[in-house]
Amino acid sequence: MTVAALEAGAALPVDLILLGLALVLTLVGVIFRLVQVGRQREMEKNREIQLREHFFDLLLRTTDDIFILFSPDTFVPEYVSPNLERLLGLRPEEISEDVRLLWGEQQPDWDLPCGKICSVSREFFLRQTGEHRWFKEQLYHFTLDGLRRMILILSDRTAERDMNETLEQALSAAKAANEAKSNFLSNMSHDIRTPMNAVLGFATLLEKDAAQEEKVRYYTRKITASSQHLLSLINDILDMSKIESGKTSLSMVEFSLPQLVDELYTMMLPQARAKGQELDLLTRGSLPELLVGDRLRLNQVLINLLSNAVKYTGPDGHIQLSVQNLPPRREGTARLRFCVTDNGFGMSADFVKTIFDPFSREVTAATQEIQGTGLGMSITKNIVDLMGGAISVESKLGEGSTFSVTLEFPLADQVQDTAFWSRHHITHALVADDDPDVCQDIKERLAEVGVRADSAADGNEAAQLVAQAASRQEPYPVILMDWKMPGLSGLETARLLRQNAGPAVPIFVLTAYDYDDVMEQARSVGVDLFLPKPFFLSNFQHALASLYENQAEPALLPGEIELEGLHVLAAEDNEINAEILTELLDMEGVSCEIAHNGQQALERFQASGPDEFDVIFMDVQMPVMNGYEAAHAIRACAHPRAASIPILAMTANAFEEDVQHALDAGMNAHIAKPLDMDKLKDVLASLSITPQKRE
């Protein structure tokens with residue numbers, strides 16, 4: 001179609017117009033779609049950027065690394081990670097003008113060449129918490145678009161440093177423990193071989209000189225002493241092994257504090273006297289008399305401390321055990337502090353820090369000849385810890401040591417004969433002692449039972465008070481006097497008091513000293529009884545009862561029991577042990593019949609007459625039937641004395657649980673091997689075992 005035709009008004013075909021319109025619309029749609037896709041991609045890219053920024057921000061808030069971007073020309077930070085305040089206690093605003101405020105006086109080296117990294121460790125102080133924290137500091141210098149920039153990275157290494165220090169300490173402790181154990185094994189090799197050499201050597205000499213009685217006695221004494229020392233070494237090693245394995249337990253029983261203290265003094269006095277030492281017992285405050293606790297373990301702790309005091313104090317030294325009553329932490333309990341003080345060799349400050357460690361010993365010129373395992377104090381510390389107490393030591397080399405043990409015990413119910421004092425008309429008393437604390441303590445204890453006490457500081461004053469009371473027709477019903485006071489001697493004081501008081505007034509000597517040497521002289525001038533210090537009301541009442549009510553002390557003390565005439569059935573599978581037991585008992589006039597296992601012991605007892613045997617000694621580890629089974633069977637059999645005959649476990653199983661197992665099996669007591677005749681006598685005396693009447 002020509003232009004002229006169009007101008008003439010010729011019409012275009014409809015389909016052509018529609019086709020053109022469709023093409024235009026399609027083109028517009030494509031353009032719109034492209035624009036929409038572009039916008040969607042841009043939105044997704046923005047969301048991804050936001051997500052990355054959020055993740056990066058969260059990462060920086062939770063990480064222990066601080067990032068700071070700044071210019072080394074202006075030191076104005078361009079970026080500070082959001083964990084700055086959490087890790088360093090600084091708000092970003094505080095360094096917004098100058099990043100150098102982070103360091104204070106200790107500035108980094110700002111002349112770091114471009115492209116280099118400087119790395120150091122640095123300590124920072126947190127003002128908010130007051131703690132010091134360690135960081136690894138990395139400073140990186142670079143250029144960006146021709147401009148110099150620095151990135152500071154601070155990485156918190158406090159936990160890592162603490163862990164390293166802990167590991168170093170643990171490694172050091174392990175090395176020290178390994179060295180201590182090596183030293184211990186070396187010492188044990190020497191310490192065990194020394195008494196073993198003596199035992200074997202003197203046994204050889206004994207065989208050679210068997211016909212010379214004097215030499216035989218000398219050799220046997222040496223063998224006994226060396227064997228006892230060897231046994232103490234073995235006991236320490238076994239005790240330590242048991243403690244480290246966690247098998248030590250407490251046996252809670254009711255016990256008498258006065259009796260415990262008196263036994264300690266009686267036991268330790270011969271050791272102290274053998275070295276020419278003075279041993280004192282003191283009390284501070286009003287002490288309870290009946291407690292509940294592990295008496296055996298408490299005794300072990302105090303014996304260890306006192307034995308060490310004797311061992312590490314020279315001749316003419318002074319040792320003191322004091323017992324102090326402290327305010328209790330719980331109602332119904334007594335809190336006591338036991339202090340053992342000596343003026344002996346003392347310890348260095350360095351050794352005091354390790355004295356309670358296993359295998360720890362300090363060898364000096366003064367102590368190099370003293371034998372020991374280095375386990376005693378560690379065992380003592382572990383026992384005190386097990387009992388819920390505390391132990392400490394103060395010492396100075398060349399001047400002596402003081403060990404303090406604080407323990408808390410439940411109080412036992414105590415039934416007192418409150419009418420005793422009025423029944424015997426004891427309304428007041430006289431106490432003569434130059435120590436005012438002793439006088440005050442006795443006054444307070446007597447006041448608890450309604451007895452008033454006057455005090456005198458020396459013999460002359462006491463004699464005057466006695467004479468004045470007699471002139472007023474109010475004589476003292478009882479007099480307590482110390483044996484060593486200023487002025488008059490104890491002998492002169494006692495003579496004067498007896499003269500002024502008359503023959504009927506009981507006079508007691510209250511002393512912390514061994515009175516065996518002066519007892520005969522004291523009785524010759526009118527002294528009735530001796531009481532050991534410290535003063536306990538129960539001891540005093542018992543002594544008075546022995547005078548007023550004829551309740552005298554038994555003629556034989558534990559260890560002095562007469563065994564002659566006893567008939568013993570002993571279950572022992574070891575022939576050598578059986579032979580030794582038979583010979584030892586024969587020396588005491590005791591007849592002993594051996595059964596080689598528990599079954600034989602049971603059958604022999606069942607076949608015996610009602611009064612044939614006085615006691616049964618029972619080994620524990622035996623073939624056929626062990627000692628526990630045999631004891632159960634004996635108690636359950638039909639013999640008329642099945643329930644009453646004393647059965648003693650006599651075994652090398654010497655731990656506390658072994659004692660309890662023996663009691664649970666129906667036995668009456670436990671004696672550890674090797675057999676100690678004095679200990680055997682003590683046990684037999686405590687069970688009141690005497691020969692049965694036989695036709």
# chains A, B, ... in the order shown; residues from 1 in each chain; ligands from 1
>>> select_by_dssp(residues="range 579-641 of chain A", states="helix (DSSP H, G or I)", output="NGL selection string")
:A and (579-587 or 598-607 or 627-636)
>>> write_last_selection(atoms="C-alpha atoms", output="mmCIF file, in the first residue's frame")
data_model
loop_
_atom_site.group_PDB
_atom_site.id
_atom_site.type_symbol
_atom_site.label_atom_id
_atom_site.label_comp_id
_atom_site.auth_asym_id
_atom_site.auth_seq_id
_atom_site.Cartn_x
_atom_site.Cartn_y
_atom_site.Cartn_z
ATOM 1 C CA GLU A 579 54.402 -73.409 118.703
ATOM 2 C CA ILE A 580 55.202 -69.787 119.658
ATOM 3 C CA LEU A 581 51.750 -69.274 121.197
ATOM 4 C CA THR A 582 51.996 -72.501 123.195
ATOM 5 C CA GLU A 583 55.440 -71.628 124.545
ATOM 6 C CA LEU A 584 54.470 -68.052 125.474
ATOM 7 C CA LEU A 585 51.369 -69.229 127.305
ATOM 8 C CA ASP A 586 53.298 -71.995 129.023
ATOM 9 C CA MET A 587 55.663 -69.362 130.460
ATOM 10 C CA GLY A 598 37.956 -73.805 112.511
ATOM 11 C CA GLN A 599 36.183 -77.126 112.056
ATOM 12 C CA GLN A 600 38.511 -78.864 114.508
ATOM 13 C CA ALA A 601 38.053 -76.034 117.011
ATOM 14 C CA LEU A 602 34.252 -76.344 116.767
ATOM 15 C CA GLU A 603 34.298 -80.126 117.188
ATOM 16 C CA ARG A 604 36.755 -79.968 120.107
ATOM 17 C CA PHE A 605 34.660 -77.357 121.915
ATOM 18 C CA GLN A 606 31.460 -79.353 121.398
ATOM 19 C CA ALA A 607 33.163 -82.419 122.890
ATOM 20 C CA GLY A 627 37.563 -68.172 112.120
ATOM 21 C CA TYR A 628 34.411 -66.143 111.480
ATOM 22 C CA GLU A 629 32.451 -69.250 110.484
ATOM 23 C CA ALA A 630 33.814 -71.171 113.467
ATOM 24 C CA ALA A 631 32.803 -68.404 115.898
ATOM 25 C CA HIS A 632 29.279 -68.324 114.439
ATOM 26 C CA ALA A 633 29.031 -72.087 114.740
ATOM 27 C CA ILE A 634 30.303 -72.124 118.336
ATOM 28 C CA ARG A 635 27.778 -69.498 119.406
ATOM 29 C CA ALA A 636 24.977 -71.498 117.750
#
>>> residues_around(residues="Arg335 in chain A", least_positions_apart="5", cutoff="10 Å", atoms="only C-alpha atoms", output="mmCIF file with all heavy atoms, in the first residue's frame")
data_model
loop_
_atom_site.group_PDB
_atom_site.id
_atom_site.type_symbol
_atom_site.label_atom_id
_atom_site.label_comp_id
_atom_site.auth_asym_id
_atom_site.auth_seq_id
_atom_site.Cartn_x
_atom_site.Cartn_y
_atom_site.Cartn_z
ATOM 1 N N LEU A 287 36.052 -29.143 131.079
ATOM 2 C CA LEU A 287 36.042 -30.190 130.061
ATOM 3 C C LEU A 287 34.912 -31.186 130.300
ATOM 4 O O LEU A 287 34.629 -31.555 131.444
ATOM 5 C CB LEU A 287 37.367 -30.942 130.056
ATOM 6 C CG LEU A 287 38.603 -30.139 129.648
ATOM 7 C CD1 LEU A 287 39.845 -31.005 129.788
ATOM 8 C CD2 LEU A 287 38.474 -29.627 128.231
ATOM 9 N N PRO A 288 34.272 -31.654 129.226
ATOM 10 C CA PRO A 288 33.281 -32.733 129.368
ATOM 11 C C PRO A 288 33.991 -34.034 129.707
ATOM 12 O O PRO A 288 35.182 -34.190 129.447
ATOM 13 C CB PRO A 288 32.642 -32.788 127.977
ATOM 14 C CG PRO A 288 33.717 -32.319 127.061
ATOM 15 C CD PRO A 288 34.470 -31.262 127.826
ATOM 16 N N GLN A 324 41.896 -28.098 125.670
ATOM 17 C CA GLN A 324 41.133 -26.862 125.869
ATOM 18 C C GLN A 324 39.712 -27.045 125.358
ATOM 19 O O GLN A 324 39.484 -27.606 124.286
ATOM 20 C CB GLN A 324 41.805 -25.704 125.128
ATOM 21 C CG GLN A 324 41.089 -24.362 125.295
ATOM 22 C CD GLN A 324 41.794 -23.256 124.532
ATOM 23 O OE1 GLN A 324 42.764 -23.500 123.831
ATOM 24 N NE2 GLN A 324 41.314 -22.039 124.673
ATOM 25 N N ASN A 325 38.746 -26.557 126.141
ATOM 26 C CA ASN A 325 37.347 -26.608 125.739
ATOM 27 C C ASN A 325 36.998 -25.325 124.997
ATOM 28 O O ASN A 325 37.084 -24.233 125.549
ATOM 29 C CB ASN A 325 36.450 -26.765 126.974
ATOM 30 C CG ASN A 325 35.038 -27.172 126.604
ATOM 31 O OD1 ASN A 325 34.756 -27.457 125.450
ATOM 32 N ND2 ASN A 325 34.152 -27.200 127.578
ATOM 33 N N LEU A 326 36.607 -25.447 123.708
ATOM 34 C CA LEU A 326 36.252 -24.302 122.879
ATOM 35 C C LEU A 326 34.733 -24.201 122.751
ATOM 36 O O LEU A 326 34.021 -25.184 122.956
ATOM 37 C CB LEU A 326 36.871 -24.447 121.489
ATOM 38 C CG LEU A 326 38.397 -24.602 121.423
ATOM 39 C CD1 LEU A 326 38.826 -24.836 119.982
ATOM 40 C CD2 LEU A 326 39.087 -23.387 121.994
ATOM 41 N N PRO A 327 34.210 -23.035 122.399
ATOM 42 C CA PRO A 327 32.766 -22.914 122.164
ATOM 43 C C PRO A 327 32.324 -23.864 121.055
ATOM 44 O O PRO A 327 32.916 -23.864 119.971
ATOM 45 C CB PRO A 327 32.593 -21.446 121.742
ATOM 46 C CG PRO A 327 33.781 -20.742 122.318
ATOM 47 C CD PRO A 327 34.897 -21.731 122.279
ATOM 48 N N PRO A 328 31.309 -24.689 121.295
ATOM 49 C CA PRO A 328 30.881 -25.658 120.273
ATOM 50 C C PRO A 328 30.174 -24.962 119.115
ATOM 51 O O PRO A 328 29.588 -23.890 119.270
ATOM 52 C CB PRO A 328 29.926 -26.583 121.035
ATOM 53 C CG PRO A 328 29.394 -25.736 122.148
ATOM 54 C CD PRO A 328 30.509 -24.796 122.534
ATOM 55 N N ARG A 329 30.230 -25.592 117.957
ATOM 56 C CA ARG A 329 29.533 -25.059 116.785
ATOM 57 C C ARG A 329 28.122 -25.600 116.670
ATOM 58 O O ARG A 329 27.286 -25.021 115.990
ATOM 59 C CB ARG A 329 30.321 -25.409 115.514
ATOM 60 C CG ARG A 329 31.672 -24.702 115.429
ATOM 61 C CD ARG A 329 32.460 -25.181 114.235
ATOM 62 N NE ARG A 329 33.724 -24.447 114.102
ATOM 63 C CZ ARG A 329 34.700 -24.799 113.271
ATOM 64 N NH1 ARG A 329 34.557 -25.873 112.516
ATOM 65 N NH2 ARG A 329 35.808 -24.082 113.207
ATOM 66 N N ARG A 330 27.865 -26.736 117.316
ATOM 67 C CA ARG A 330 26.536 -27.329 117.271
ATOM 68 C C ARG A 330 26.086 -27.671 118.684
ATOM 69 O O ARG A 330 26.910 -28.015 119.540
ATOM 70 C CB ARG A 330 26.553 -28.618 116.412
ATOM 71 C CG ARG A 330 26.938 -28.377 114.971
ATOM 72 C CD ARG A 330 26.847 -29.661 114.155
ATOM 73 N NE ARG A 330 27.713 -30.704 114.680
ATOM 74 C CZ ARG A 330 28.994 -30.815 114.372
ATOM 75 N NH1 ARG A 330 29.572 -29.944 113.571
ATOM 76 N NH2 ARG A 330 29.712 -31.798 114.867
ATOM 77 N N GLY A 389 37.945 -32.789 111.684
ATOM 78 C CA GLY A 389 38.672 -31.807 112.474
ATOM 79 C C GLY A 389 39.717 -31.076 111.665
ATOM 80 O O GLY A 389 39.727 -31.109 110.430
ATOM 81 N N THR A 406 42.011 -29.762 116.488
ATOM 82 C CA THR A 406 40.688 -29.334 116.941
ATOM 83 C C THR A 406 39.648 -30.320 116.423
ATOM 84 O O THR A 406 39.571 -30.573 115.208
ATOM 85 C CB THR A 406 40.367 -27.921 116.433
ATOM 86 O OG1 THR A 406 41.392 -27.021 116.870
ATOM 87 C CG2 THR A 406 39.028 -27.445 116.967
ATOM 88 N N LEU A 407 38.866 -30.878 117.341
ATOM 89 C CA LEU A 407 37.851 -31.880 116.999
ATOM 90 C C LEU A 407 36.567 -31.586 117.757
ATOM 91 O O LEU A 407 36.593 -31.037 118.858
ATOM 92 C CB LEU A 407 38.343 -33.287 117.346
ATOM 93 C CG LEU A 407 39.570 -33.810 116.589
ATOM 94 C CD1 LEU A 407 40.130 -35.041 117.280
ATOM 95 C CD2 LEU A 407 39.216 -34.132 115.145
ATOM 96 N N GLU A 408 35.456 -31.981 117.152
ATOM 97 C CA GLU A 408 34.159 -31.792 117.806
ATOM 98 C C GLU A 408 33.493 -33.159 117.990
ATOM 99 O O GLU A 408 33.434 -33.963 117.052
ATOM 100 C CB GLU A 408 33.260 -30.871 116.975
ATOM 101 C CG GLU A 408 32.081 -30.335 117.748
ATOM 102 C CD GLU A 408 31.566 -29.010 117.191
ATOM 103 O OE1 GLU A 408 32.112 -28.535 116.180
ATOM 104 O OE2 GLU A 408 30.631 -28.438 117.782
ATOM 105 N N PHE A 409 32.995 -33.425 119.210
ATOM 106 C CA PHE A 409 32.402 -34.714 119.555
ATOM 107 C C PHE A 409 30.985 -34.518 120.085
ATOM 108 O O PHE A 409 30.738 -33.563 120.841
ATOM 109 C CB PHE A 409 33.221 -35.427 120.644
ATOM 110 C CG PHE A 409 34.648 -35.691 120.285
ATOM 111 C CD1 PHE A 409 35.649 -34.781 120.603
ATOM 112 C CD2 PHE A 409 34.996 -36.854 119.623
ATOM 113 C CE1 PHE A 409 36.967 -35.025 120.281
ATOM 114 C CE2 PHE A 409 36.324 -37.110 119.301
ATOM 115 C CZ PHE A 409 37.301 -36.192 119.629
ATOM 116 N N PRO A 410 30.073 -35.415 119.752
ATOM 117 C CA PRO A 410 28.775 -35.402 120.429
ATOM 118 C C PRO A 410 28.959 -35.729 121.909
ATOM 119 O O PRO A 410 29.811 -36.541 122.277
ATOM 120 C CB PRO A 410 27.982 -36.510 119.712
ATOM 121 C CG PRO A 410 28.685 -36.703 118.403
ATOM 122 C CD PRO A 410 30.133 -36.404 118.660
ATOM 123 N N LEU A 411 28.177 -35.091 122.756
ATOM 124 C CA LEU A 411 28.235 -35.365 124.194
ATOM 125 C C LEU A 411 27.417 -36.608 124.511
ATOM 126 O O LEU A 411 26.305 -36.780 124.003
ATOM 127 C CB LEU A 411 27.698 -34.172 124.984
ATOM 128 C CG LEU A 411 28.563 -32.899 124.960
ATOM 129 C CD1 LEU A 411 27.789 -31.737 125.555
ATOM 130 C CD2 LEU A 411 29.855 -33.120 125.734
#
>>> select_by_dssp(residues="range 50-148 of chain A", states="strand (DSSP E or B)", output="VMD selection string")
chain A and resid 65 to 70 77 to 80 117 to 125 132 to 144 147 to 148
>>> closest_residue(among="A:Ala570, A:Ile319, A:Met650, A:Met347", to="Asp676 in chain A", atoms="only C-alpha atoms")
A:Met650
>>> closest_residue(among="A:Asp262, A:Asp73, A:Asp413, A:Asp385", to="Asp280 in chain A", atoms="only C-alpha atoms")
A:Asp262
>>> atom_distance(atom1="CA of Leu563 in chain A", atom2="CA of Pro610 in chain A")
19.7 Å
>>> decode(residues="range 257-365 of chain A", atoms="C-alpha atoms", output="CSV table (one decimal), in the first residue's frame")
chain,number,residue,atom,x,y,z
A,257,LEU,CA,37.9,-38.3,128.3
A,258,PRO,CA,39.6,-38.5,131.7
A,259,GLN,CA,40.4,-42.2,131.2
A,260,LEU,CA,41.8,-41.4,127.7
A,261,VAL,CA,44.0,-38.6,129.0
A,262,ASP,CA,45.2,-40.7,132.0
A,263,GLU,CA,46.1,-43.7,129.8
A,264,LEU,CA,48.0,-41.4,127.4
A,265,TYR,CA,50.0,-40.0,130.3
A,266,THR,CA,50.7,-43.4,131.7
A,267,MET,CA,51.8,-44.7,128.3
A,268,MET,CA,54.0,-41.8,127.4
A,269,LEU,CA,55.6,-41.1,130.7
A,270,PRO,CA,58.1,-44.0,130.6
A,271,GLN,CA,59.3,-42.9,127.2
A,272,ALA,CA,59.8,-39.3,128.3
A,273,ARG,CA,61.5,-40.4,131.6
A,274,ALA,CA,63.9,-42.7,129.6
A,275,LYS,CA,65.2,-39.6,127.9
A,276,GLY,CA,65.2,-37.4,131.0
A,277,GLN,CA,62.3,-35.3,129.7
A,278,GLU,CA,59.5,-33.7,131.6
A,279,LEU,CA,55.9,-34.5,130.5
A,280,ASP,CA,53.0,-32.2,131.6
A,281,LEU,CA,49.2,-32.4,131.1
A,282,LEU,CA,47.2,-29.3,131.3
A,283,THR,CA,43.5,-28.5,130.9
A,284,ARG,CA,41.9,-25.2,130.0
A,285,GLY,CA,38.2,-24.6,130.6
A,286,SER,CA,35.6,-26.9,132.0
A,287,LEU,CA,36.0,-30.2,130.1
A,288,PRO,CA,33.3,-32.7,129.4
A,289,GLU,CA,33.9,-36.2,130.7
A,290,LEU,CA,31.8,-38.5,128.4
A,291,LEU,CA,32.0,-38.2,124.7
A,292,VAL,CA,31.0,-40.1,121.6
A,293,GLY,CA,33.6,-40.7,118.9
A,294,ASP,CA,36.3,-43.0,117.6
A,295,ARG,CA,38.4,-43.4,120.7
A,296,LEU,CA,40.9,-45.6,119.0
A,297,ARG,CA,41.6,-43.1,116.3
A,298,LEU,CA,41.8,-40.2,118.7
A,299,ASN,CA,44.2,-42.1,120.8
A,300,GLN,CA,46.3,-42.9,117.7
A,301,VAL,CA,46.5,-39.2,116.7
A,302,LEU,CA,47.6,-38.1,120.2
A,303,ILE,CA,50.1,-41.0,120.6
A,304,ASN,CA,51.6,-40.1,117.2
A,305,LEU,CA,52.0,-36.4,118.2
A,306,LEU,CA,53.4,-37.2,121.7
A,307,SER,CA,55.7,-39.9,120.4
A,308,ASN,CA,57.2,-37.5,117.9
A,309,ALA,CA,57.6,-34.9,120.6
A,310,VAL,CA,59.6,-37.3,122.7
A,311,LYS,CA,61.5,-38.5,119.6
A,312,TYR,CA,62.4,-35.1,118.4
A,313,THR,CA,63.2,-33.5,121.8
A,314,GLY,CA,66.6,-33.9,123.4
A,315,PRO,CA,67.4,-35.0,126.9
A,316,ASP,CA,66.1,-32.7,129.7
A,317,GLY,CA,63.5,-31.4,127.3
A,318,HIS,CA,59.9,-30.4,128.2
A,319,ILE,CA,56.8,-31.8,126.5
A,320,GLN,CA,53.2,-30.7,127.3
A,321,LEU,CA,49.8,-31.9,126.3
A,322,SER,CA,47.0,-29.4,126.8
A,323,VAL,CA,43.3,-29.9,126.3
A,324,GLN,CA,41.1,-26.9,125.9
A,325,ASN,CA,37.3,-26.6,125.7
A,326,LEU,CA,36.3,-24.3,122.9
A,327,PRO,CA,32.8,-22.9,122.2
A,328,PRO,CA,30.9,-25.7,120.3
A,329,ARG,CA,29.5,-25.1,116.8
A,330,ARG,CA,26.5,-27.3,117.3
A,331,GLU,CA,24.3,-27.9,120.2
A,332,GLY,CA,24.9,-31.1,122.2
A,333,THR,CA,28.6,-31.3,121.2
A,334,ALA,CA,32.0,-30.5,122.7
A,335,ARG,CA,34.7,-28.8,120.7
A,336,LEU,CA,38.1,-29.6,122.0
A,337,ARG,CA,41.6,-28.5,121.1
A,338,PHE,CA,44.5,-30.8,121.9
A,339,CYS,CA,47.9,-29.1,121.7
A,340,VAL,CA,51.3,-31.0,121.9
A,341,THR,CA,54.2,-28.6,122.6
A,342,ASP,CA,57.9,-29.4,122.9
A,343,ASN,CA,61.1,-27.4,123.1
A,344,GLY,CA,62.9,-29.9,120.9
A,345,PHE,CA,64.7,-29.7,117.6
A,346,GLY,CA,62.0,-27.9,115.7
A,347,MET,CA,61.5,-27.7,111.9
A,348,SER,CA,62.5,-25.3,109.1
A,349,ALA,CA,59.8,-23.1,107.6
A,350,ASP,CA,60.0,-25.0,104.3
A,351,PHE,CA,59.5,-28.4,105.9
A,352,VAL,CA,56.5,-27.2,107.9
A,353,LYS,CA,54.7,-26.6,104.6
A,354,THR,CA,55.2,-30.3,103.6
A,355,ILE,CA,55.2,-32.1,107.0
A,356,PHE,CA,51.7,-33.6,106.3
A,357,ASP,CA,52.7,-34.9,102.9
A,358,PRO,CA,53.3,-38.7,102.6
A,359,PHE,CA,57.0,-39.8,102.8
A,360,SER,CA,58.1,-36.4,104.0
A,361,ARG,CA,61.1,-36.3,106.4
A,362,GLU,CA,63.5,-33.5,107.3
A,363,VAL,CA,67.0,-34.8,108.0
A,364,THR,CA,69.3,-32.4,110.0
A,365,ALA,CA,72.4,-32.9,112.1
